file run_36.tsv (TSV, C-alpha atoms)
chain	number	residue	atom	x	y	z
F	1	MET	CA	-6.37	-20.72	124.26
F	2	ILE	CA	-8.11	-22.12	127.38
F	3	THR	CA	-9.75	-18.76	128.03
F	4	LEU	CA	-10.99	-18.59	124.44
F	5	LEU	CA	-12.28	-22.16	124.63
F	6	PHE	CA	-14.19	-21.41	127.83
F	7	LYS	CA	-15.65	-18.23	126.32
F	8	VAL	CA	-16.85	-20.02	123.17
F	9	ILE	CA	-18.30	-22.94	125.19
F	10	VAL	CA	-20.29	-20.49	127.31
F	11	SER	CA	-21.56	-18.79	124.13
F	12	PHE	CA	-22.80	-22.07	122.67
F	13	PHE	CA	-24.28	-23.17	125.99
F	14	ALA	CA	-26.29	-19.95	126.22
F	15	VAL	CA	-27.53	-20.12	122.62
F	16	MET	CA	-28.22	-23.88	122.47
F	17	ASN	CA	-29.68	-23.96	126.01
F	18	PRO	CA	-29.42	-27.75	126.59
F	19	ILE	CA	-31.12	-27.58	130.00
F	20	GLY	CA	-34.02	-25.58	128.60
F	21	ASN	CA	-34.38	-28.12	125.79
F	22	ILE	CA	-35.08	-31.02	128.18
F	23	PRO	CA	-38.83	-30.23	128.49
F	24	ILE	CA	-39.02	-29.82	124.70
F	25	PHE	CA	-37.42	-33.25	124.21
F	26	ILE	CA	-39.77	-34.78	126.79
F	27	SER	CA	-42.78	-33.22	125.07
F	28	LEU	CA	-41.76	-34.25	121.56
F	29	THR	CA	-40.96	-37.85	122.59
F	30	ASN	CA	-44.11	-38.33	124.65
F	31	GLY	CA	-45.22	-41.93	124.07
F	32	TYR	CA	-41.81	-43.14	122.85
F	33	SER	CA	-40.19	-46.21	124.39
F	34	GLN	CA	-36.94	-45.69	126.29
F	35	GLU	CA	-34.95	-47.22	123.43
F	36	GLN	CA	-36.64	-44.88	120.92
F	37	LYS	CA	-35.78	-41.88	123.12
F	38	LYS	CA	-32.13	-42.91	123.37
F	39	ARG	CA	-31.94	-43.46	119.62
F	40	THR	CA	-33.65	-40.12	118.93
F	41	ALA	CA	-31.32	-38.25	121.31
F	42	ARG	CA	-28.23	-39.87	119.76
F	43	LYS	CA	-29.31	-39.17	116.19
F	44	ALA	CA	-30.28	-35.56	117.00
F	45	ALA	CA	-26.84	-34.93	118.53
F	46	ILE	CA	-25.01	-36.52	115.58
F	47	VAL	CA	-27.09	-34.67	112.97
F	48	SER	CA	-26.59	-31.39	114.85
F	49	LEU	CA	-22.84	-32.03	114.96
F	50	CYS	CA	-22.78	-32.61	111.19
F	51	ILE	CA	-24.85	-29.49	110.45
F	52	LEU	CA	-22.70	-27.23	112.63
F	53	THR	CA	-19.47	-28.70	111.25
F	54	VAL	CA	-20.62	-28.03	107.68
F	55	PHE	CA	-21.48	-24.43	108.55
F	56	LEU	CA	-18.20	-24.08	110.45
F	57	ILE	CA	-16.24	-24.91	107.31
F	58	LEU	CA	-18.54	-23.86	104.47
F	59	GLY	CA	-21.11	-21.55	106.06
F	60	LYS	CA	-20.15	-18.33	104.33
F	61	PHE	CA	-19.79	-20.08	100.98
F	62	ILE	CA	-23.20	-21.77	101.33
F	63	PHE	CA	-24.97	-18.52	102.14
F	64	ALA	CA	-23.14	-16.68	99.34
F	65	MET	CA	-23.87	-19.45	96.83
F	66	PHE	CA	-27.62	-19.31	97.48
F	67	GLY	CA	-27.69	-15.58	97.99
F	68	ILE	CA	-29.27	-15.83	101.46
F	69	THR	CA	-28.52	-14.14	104.77
F	70	ILE	CA	-28.61	-15.31	108.37
F	71	HIS	CA	-31.60	-12.99	108.85
F	72	ALA	CA	-33.66	-14.86	106.25
F	73	PHE	CA	-32.53	-18.08	107.90
F	74	ARG	CA	-33.84	-16.80	111.24
F	75	ILE	CA	-37.24	-16.03	109.73
F	76	ALA	CA	-37.51	-19.48	108.14
F	77	GLY	CA	-36.47	-21.15	111.40
F	78	GLY	CA	-38.96	-19.05	113.35
F	79	ILE	CA	-41.82	-20.06	111.06
F	80	LEU	CA	-40.87	-23.72	111.42
F	81	ILE	CA	-40.67	-23.49	115.22
F	82	PHE	CA	-44.04	-21.74	115.34
F	83	GLY	CA	-45.61	-24.71	113.56
F	84	ILE	CA	-44.07	-27.03	116.15
F	85	ALA	CA	-45.30	-24.79	118.96
F	86	PHE	CA	-48.83	-24.83	117.57
F	87	ASN	CA	-48.84	-28.63	117.56
F	88	LEU	CA	-47.53	-28.76	121.14
F	89	LEU	CA	-50.20	-26.33	122.34
F	90	HIS	CA	-52.85	-28.66	120.89
F	91	ALA	CA	-51.07	-31.88	121.89
F	92	LYS	CA	-53.15	-34.95	122.53
F	93	THR	CA	-52.39	-37.36	125.32
F	94	SER	CA	-50.50	-40.33	123.95
F	95	LYS	CA	-51.33	-43.91	124.70
F	96	ALA	CA	-48.85	-44.82	127.41
F	97	GLN	CA	-49.90	-48.46	127.54
F	98	THR	CA	-49.54	-49.78	124.01
F	99	PRO	CA	-49.31	-53.50	123.20
F	100	HIS	CA	-45.93	-54.56	121.85
F	101	SER	CA	-47.15	-55.25	118.31
F	102	GLU	CA	-49.06	-51.99	118.15
F	103	GLU	CA	-46.04	-50.16	119.56
F	104	LYS	CA	-43.91	-51.29	116.63
F	105	GLU	CA	-46.56	-50.18	114.15
F	106	GLU	CA	-46.94	-46.86	115.92
F	107	ALA	CA	-43.18	-46.33	115.98
F	108	ALA	CA	-42.98	-46.90	112.25
F	109	GLU	CA	-45.62	-44.24	111.66
F	110	LYS	CA	-43.96	-41.63	113.89
F	111	GLU	CA	-42.22	-38.73	112.20
F	112	ASP	CA	-38.48	-38.65	112.69
F	113	ILE	CA	-38.21	-35.73	115.11
F	114	SER	CA	-34.46	-36.25	115.60
F	115	ILE	CA	-33.72	-34.27	112.43
F	116	THR	CA	-36.64	-31.82	112.50
F	117	PRO	CA	-37.31	-30.20	114.88
F	118	LEU	CA	-34.69	-31.45	117.37
F	119	ALA	CA	-31.49	-31.08	115.34
F	120	LEU	CA	-32.80	-28.29	113.13
F	121	PRO	CA	-33.89	-25.74	114.24
F	122	ILE	CA	-33.84	-26.42	118.02
F	123	MET	CA	-30.27	-27.68	118.65
F	124	ALA	CA	-28.52	-26.46	115.50
F	125	GLY	CA	-30.83	-23.54	114.79
F	126	PRO	CA	-30.20	-20.10	113.29
F	127	GLY	CA	-28.79	-18.74	116.56
F	128	THR	CA	-26.32	-21.61	116.93
F	129	ILE	CA	-25.31	-21.43	113.26
F	130	ALA	CA	-24.84	-17.66	113.57
F	131	THR	CA	-22.65	-18.24	116.64
F	132	VAL	CA	-20.56	-20.78	114.72
F	133	MET	CA	-20.03	-18.40	111.82
F	134	THR	CA	-19.26	-15.47	114.14
F	135	HIS	CA	-16.54	-17.31	116.07
F	136	ALA	CA	-15.12	-18.88	112.90
F	137	ASN	CA	-14.78	-15.63	110.98
F	138	SER	CA	-10.96	-15.71	110.96
F	139	TYR	CA	-10.86	-19.24	109.50
F	140	ASP	CA	-7.45	-20.07	111.00
F	141	ILE	CA	-7.00	-23.72	112.04
F	142	PRO	CA	-6.60	-23.24	115.85
F	143	ASN	CA	-9.72	-21.05	115.93
F	144	LEU	CA	-11.74	-23.60	113.94
F	145	ILE	CA	-10.63	-26.35	116.33
F	146	VAL	CA	-11.71	-24.30	119.37
F	147	VAL	CA	-15.16	-23.69	117.85
F	148	PHE	CA	-15.56	-27.35	116.87
F	149	VAL	CA	-14.57	-28.63	120.33
F	150	SER	CA	-16.88	-26.09	121.97
F	151	PHE	CA	-20.10	-26.99	120.19
F	152	SER	CA	-19.20	-30.70	120.32
F	153	LEU	CA	-19.01	-30.54	124.13
F	154	VAL	CA	-22.35	-28.72	124.40
F	155	LEU	CA	-23.99	-31.25	122.06
F	156	ALA	CA	-22.55	-34.09	124.16
F	157	LEU	CA	-24.09	-32.49	127.24
F	158	SER	CA	-27.43	-32.19	125.42
F	159	TYR	CA	-27.30	-35.90	124.56
F	160	VAL	CA	-26.63	-36.85	128.19
F	161	LEU	CA	-29.52	-34.70	129.43
F	162	PHE	CA	-31.88	-36.16	126.81
F	163	TYR	CA	-30.64	-39.67	127.63
F	164	TYR	CA	-31.73	-39.29	131.25
F	165	SER	CA	-35.07	-37.67	130.45
F	166	THR	CA	-37.00	-40.91	131.22
F	167	PRO	CA	-36.58	-40.64	135.02
F	168	ILE	CA	-37.85	-37.08	134.76
F	169	ILE	CA	-40.99	-38.30	132.97
F	170	ALA	CA	-41.50	-40.98	135.63
F	171	LYS	CA	-41.53	-38.33	138.35
F	172	LEU	CA	-43.73	-35.90	136.43
F	173	GLY	CA	-46.49	-38.31	135.41
F	174	GLN	CA	-48.79	-37.87	132.41
F	175	GLY	CA	-50.60	-34.87	133.89
F	176	GLY	CA	-47.36	-33.03	134.57
F	177	LEU	CA	-46.09	-33.92	131.12
F	178	ASN	CA	-49.23	-32.51	129.48
F	179	ILE	CA	-48.76	-29.26	131.38
F	180	ILE	CA	-45.10	-29.04	130.33
F	181	THR	CA	-46.03	-29.87	126.72
F	182	ARG	CA	-48.42	-26.94	126.50
F	183	LEU	CA	-46.10	-24.64	128.43
F	184	MET	CA	-43.21	-25.44	126.10
F	185	GLY	CA	-45.56	-24.90	123.15
F	186	LEU	CA	-46.21	-21.39	124.46
F	187	ILE	CA	-42.52	-20.73	125.09
F	188	LEU	CA	-41.55	-22.04	121.64
F	189	ALA	CA	-44.22	-19.80	120.10
F	190	VAL	CA	-42.65	-16.78	121.81
F	191	ILE	CA	-39.15	-17.89	120.73
F	192	SER	CA	-40.34	-18.28	117.14
F	193	ILE	CA	-41.85	-14.78	117.10
F	194	GLN	CA	-38.61	-13.38	118.53
F	195	MET	CA	-36.58	-15.15	115.83
F	196	ILE	CA	-38.86	-13.83	113.10
F	197	ALA	CA	-38.71	-10.31	114.58
F	198	GLU	CA	-34.88	-10.41	114.68
F	199	GLY	CA	-34.80	-11.67	111.10
F	200	ILE	CA	-37.11	-8.91	109.89
F	201	LYS	CA	-35.09	-6.31	111.82
F	202	GLY	CA	-31.91	-7.59	110.16
F	203	LEU	CA	-33.42	-7.57	106.67
F	204	PHE	CA	-35.12	-4.20	107.13
F	205	PRO	CA	-32.93	-2.22	109.60
F	206	HIS	CA	-34.80	1.04	108.94
F	207	LEU	CA	-38.16	-0.30	110.16
call {"tool": "encode", "arguments": {"input": "run_36.tsv", "output": "structure tokens"}}
result
Amino acid sequence: MITLLFKVIVSFFAVMNPIGNIPIFISLTNGYSQEQKKRTARKAAIVSLCILTVFLILGKFIFAMFGITIHAFRIAGGILIFGIAFNLLHAKTSKAQTPHSEEKEEAAEKEDISITPLALPIMAGPGTIATVMTHANSYDIPNLIVVFVSFSLVLALSYVLFYYSTPIIAKLGQGGLNIITRLMGLILAVISIQMIAEGIKGLFPHL
């Protein structure tokens, strides 16, 4: 059981890539207050946990009910990530020094990135959902518990890394952050194309 747990944890760690997601989180929360970042990280982890738990229990039924495949899901996720990547590549420098009253107004106008794109499709994306459904194919209780514990631990690690992203920003400075923002935009663009390509290959295996 311990060996299986370790194997599944490693699988989720590789697919979810919590360390690689730190620059993405920093880029997407550029201009947020520390409290907003903590709240965003916590909500993203909780939403991701809920999404993966639902697919752990009902994944096959959901896909069968709507007549969709994981390959179509990959294509949709890739298109969504490409849109995010495009915005990051053309990111504007945020106002770091914002008066308190303006900060509240600005925070109210911000899109809730904790659900999209952080939880879905970055943390609980097609690859992670596919991993959940692959490891849960037997649907016996011990196996489901192992899968649940595994992705819960990786999500907890992601939250901790996001939580401590502020010191990283302090060391990088605005110039370094702008560079990372555009670099992650490029990387996300490549990831999105790869996801779309894998989805197309799955849907049309003879191409």
call {"tool": "atom_distance", "arguments": {"input": "run_36.tsv", "atom1": "atom CA of F:Ile145", "atom2": "atom CA of F:Leu5"}}
result
9.4 Å
call {"tool": "residues_around", "arguments": {"input": "run_36.tsv", "residues": "F:Gln34", "least_positions_apart": "2", "cutoff": "10 Å", "atoms": "all atoms listed in the file", "output": "MDAnalysis selection string"}}
result
chainID F and resid 29 31:32 36:40 163:166
call {"tool": "write_last_selection", "arguments": {"input": "run_36.tsv", "atoms": "C-alpha atoms", "output": "PDB file, in the frame of the given file"}}
result
ATOM      1  CA  THR F  29     -40.960 -37.850 122.590  1.00  0.00           C
ATOM      2  CA  GLY F  31     -45.220 -41.930 124.070  1.00  0.00           C
ATOM      3  CA  TYR F  32     -41.810 -43.140 122.850  1.00  0.00           C
ATOM      4  CA  GLN F  36     -36.640 -44.880 120.920  1.00  0.00           C
ATOM      5  CA  LYS F  37     -35.780 -41.880 123.120  1.00  0.00           C
ATOM      6  CA  LYS F  38     -32.130 -42.910 123.370  1.00  0.00           C
ATOM      7  CA  ARG F  39     -31.940 -43.460 119.620  1.00  0.00           C
ATOM      8  CA  THR F  40     -33.650 -40.120 118.930  1.00  0.00           C
ATOM      9  CA  TYR F 163     -30.640 -39.670 127.630  1.00  0.00           C
ATOM     10  CA  TYR F 164     -31.730 -39.290 131.250  1.00  0.00           C
ATOM     11  CA  SER F 165     -35.070 -37.670 130.450  1.00  0.00           C
ATOM     12  CA  THR F 166     -37.000 -40.910 131.220  1.00  0.00           C
TER      13      THR F 166
END
call {"tool": "closest_residue", "arguments": {"input": "run_36.tsv", "among": "F:Ser192, F:Ser11, F:Asn178, F:Ser152", "to": "F:Cys50", "atoms": "all atoms listed in the file"}}
result
F:Ser152
call {"tool": "residues_around", "arguments": {"input": "run_36.tsv", "residues": "F:Ala45", "least_positions_apart": "5", "cutoff": "7 Å", "atoms": "only C-alpha atoms", "output": "VMD selection string"}}
result
chain F and resid 119 155 159
call {"tool": "closest_residue", "arguments": {"input": "run_36.tsv", "among": "F:Gly78, F:Gly175, F:Pro205, F:Leu120", "to": "F:Ile191", "atoms": "all atoms listed in the file"}}
result
F:Gly78
call {"tool": "closest_residue", "arguments": {"input": "run_36.tsv", "among": "F:Ile19, F:Ala197, F:Met133, F:Ile68", "to": "F:Leu157", "atoms": "only C-alpha atoms"}}
result
F:Ile19
call {"tool": "residues_around", "arguments": {"input": "run_36.tsv", "residues": "stretch 84-87 of chain F", "least_positions_apart": "4", "cutoff": "8 Å", "atoms": "only C-alpha atoms", "output": "PyMOL selection string"}}
result
chain F and resi 80+91+117+184-189
call {"tool": "residues_around", "arguments": {"input": "run_36.tsv", "residues": "F:Ala72", "least_positions_apart": "6", "cutoff": "12 Å", "atoms": "all atoms listed in the file", "output": "PyMOL selection string"}}
result
chain F and resi 63+66+78-79+126+130+195-204
call {"tool": "closest_residue", "arguments": {"input": "run_36.tsv", "among": "F:Ile51, F:Leu56, F:Val147, F:Ala124", "to": "F:Arg74", "atoms": "all atoms listed in the file"}}
result
F:Ala124
call {"tool": "atom_distance", "arguments": {"input": "run_36.tsv", "atom1": "atom CA of F:Leu4", "atom2": "atom CA of F:Ala41"}}
result
28.5 Å
call {"tool": "atom_distance", "arguments": {"input": "run_36.tsv", "atom1": "atom CA of F:Ala76", "atom2": "atom CA of F:Thr116"}}
result
13.1 Å
call {"tool": "closest_residue", "arguments": {"input": "run_36.tsv", "among": "F:Leu88, F:Val146, F:Ala44, F:Ala14", "to": "F:Asn30", "atoms": "all atoms listed in the file"}}
result
F:Leu88
call {"tool": "residues_around", "arguments": {"input": "run_36.tsv", "residues": "F:Thr128", "least_positions_apart": "6", "cutoff": "12 Å", "atoms": "only C-alpha atoms", "output": "PyMOL selection string"}}
result
chain F and resi 8-9+11-18+48-49+51-53+55-56+70+73-74+77+119-122+134-135+147+150-151+154-155
call {"tool": "write_last_selection", "arguments": {"input": "run_36.tsv", "atoms": "C-alpha atoms", "output": "mmCIF file, in the coordinates of the input"}}
result
data_model
loop_
_atom_site.group_PDB
_atom_site.id
_atom_site.type_symbol
_atom_site.label_atom_id
_atom_site.label_comp_id
_atom_site.auth_asym_id
_atom_site.auth_seq_id
_atom_site.Cartn_x
_atom_site.Cartn_y
_atom_site.Cartn_z
ATOM 1 C CA VAL F 8 -16.850 -20.020 123.170
ATOM 2 C CA ILE F 9 -18.300 -22.940 125.190
ATOM 3 C CA SER F 11 -21.560 -18.790 124.130
ATOM 4 C CA PHE F 12 -22.800 -22.070 122.670
ATOM 5 C CA PHE F 13 -24.280 -23.170 125.990
ATOM 6 C CA ALA F 14 -26.290 -19.950 126.220
ATOM 7 C CA VAL F 15 -27.530 -20.120 122.620
ATOM 8 C CA MET F 16 -28.220 -23.880 122.470
ATOM 9 C CA ASN F 17 -29.680 -23.960 126.010
ATOM 10 C CA PRO F 18 -29.420 -27.750 126.590
ATOM 11 C CA SER F 48 -26.590 -31.390 114.850
ATOM 12 C CA LEU F 49 -22.840 -32.030 114.960
ATOM 13 C CA ILE F 51 -24.850 -29.490 110.450
ATOM 14 C CA LEU F 52 -22.700 -27.230 112.630
ATOM 15 C CA THR F 53 -19.470 -28.700 111.250
ATOM 16 C CA PHE F 55 -21.480 -24.430 108.550
ATOM 17 C CA LEU F 56 -18.200 -24.080 110.450
ATOM 18 C CA ILE F 70 -28.610 -15.310 108.370
ATOM 19 C CA PHE F 73 -32.530 -18.080 107.900
ATOM 20 C CA ARG F 74 -33.840 -16.800 111.240
ATOM 21 C CA GLY F 77 -36.470 -21.150 111.400
ATOM 22 C CA ALA F 119 -31.490 -31.080 115.340
ATOM 23 C CA LEU F 120 -32.800 -28.290 113.130
ATOM 24 C CA PRO F 121 -33.890 -25.740 114.240
ATOM 25 C CA ILE F 122 -33.840 -26.420 118.020
ATOM 26 C CA THR F 134 -19.260 -15.470 114.140
ATOM 27 C CA HIS F 135 -16.540 -17.310 116.070
ATOM 28 C CA VAL F 147 -15.160 -23.690 117.850
ATOM 29 C CA SER F 150 -16.880 -26.090 121.970
ATOM 30 C CA PHE F 151 -20.100 -26.990 120.190
ATOM 31 C CA VAL F 154 -22.350 -28.720 124.400
ATOM 32 C CA LEU F 155 -23.990 -31.250 122.060
#
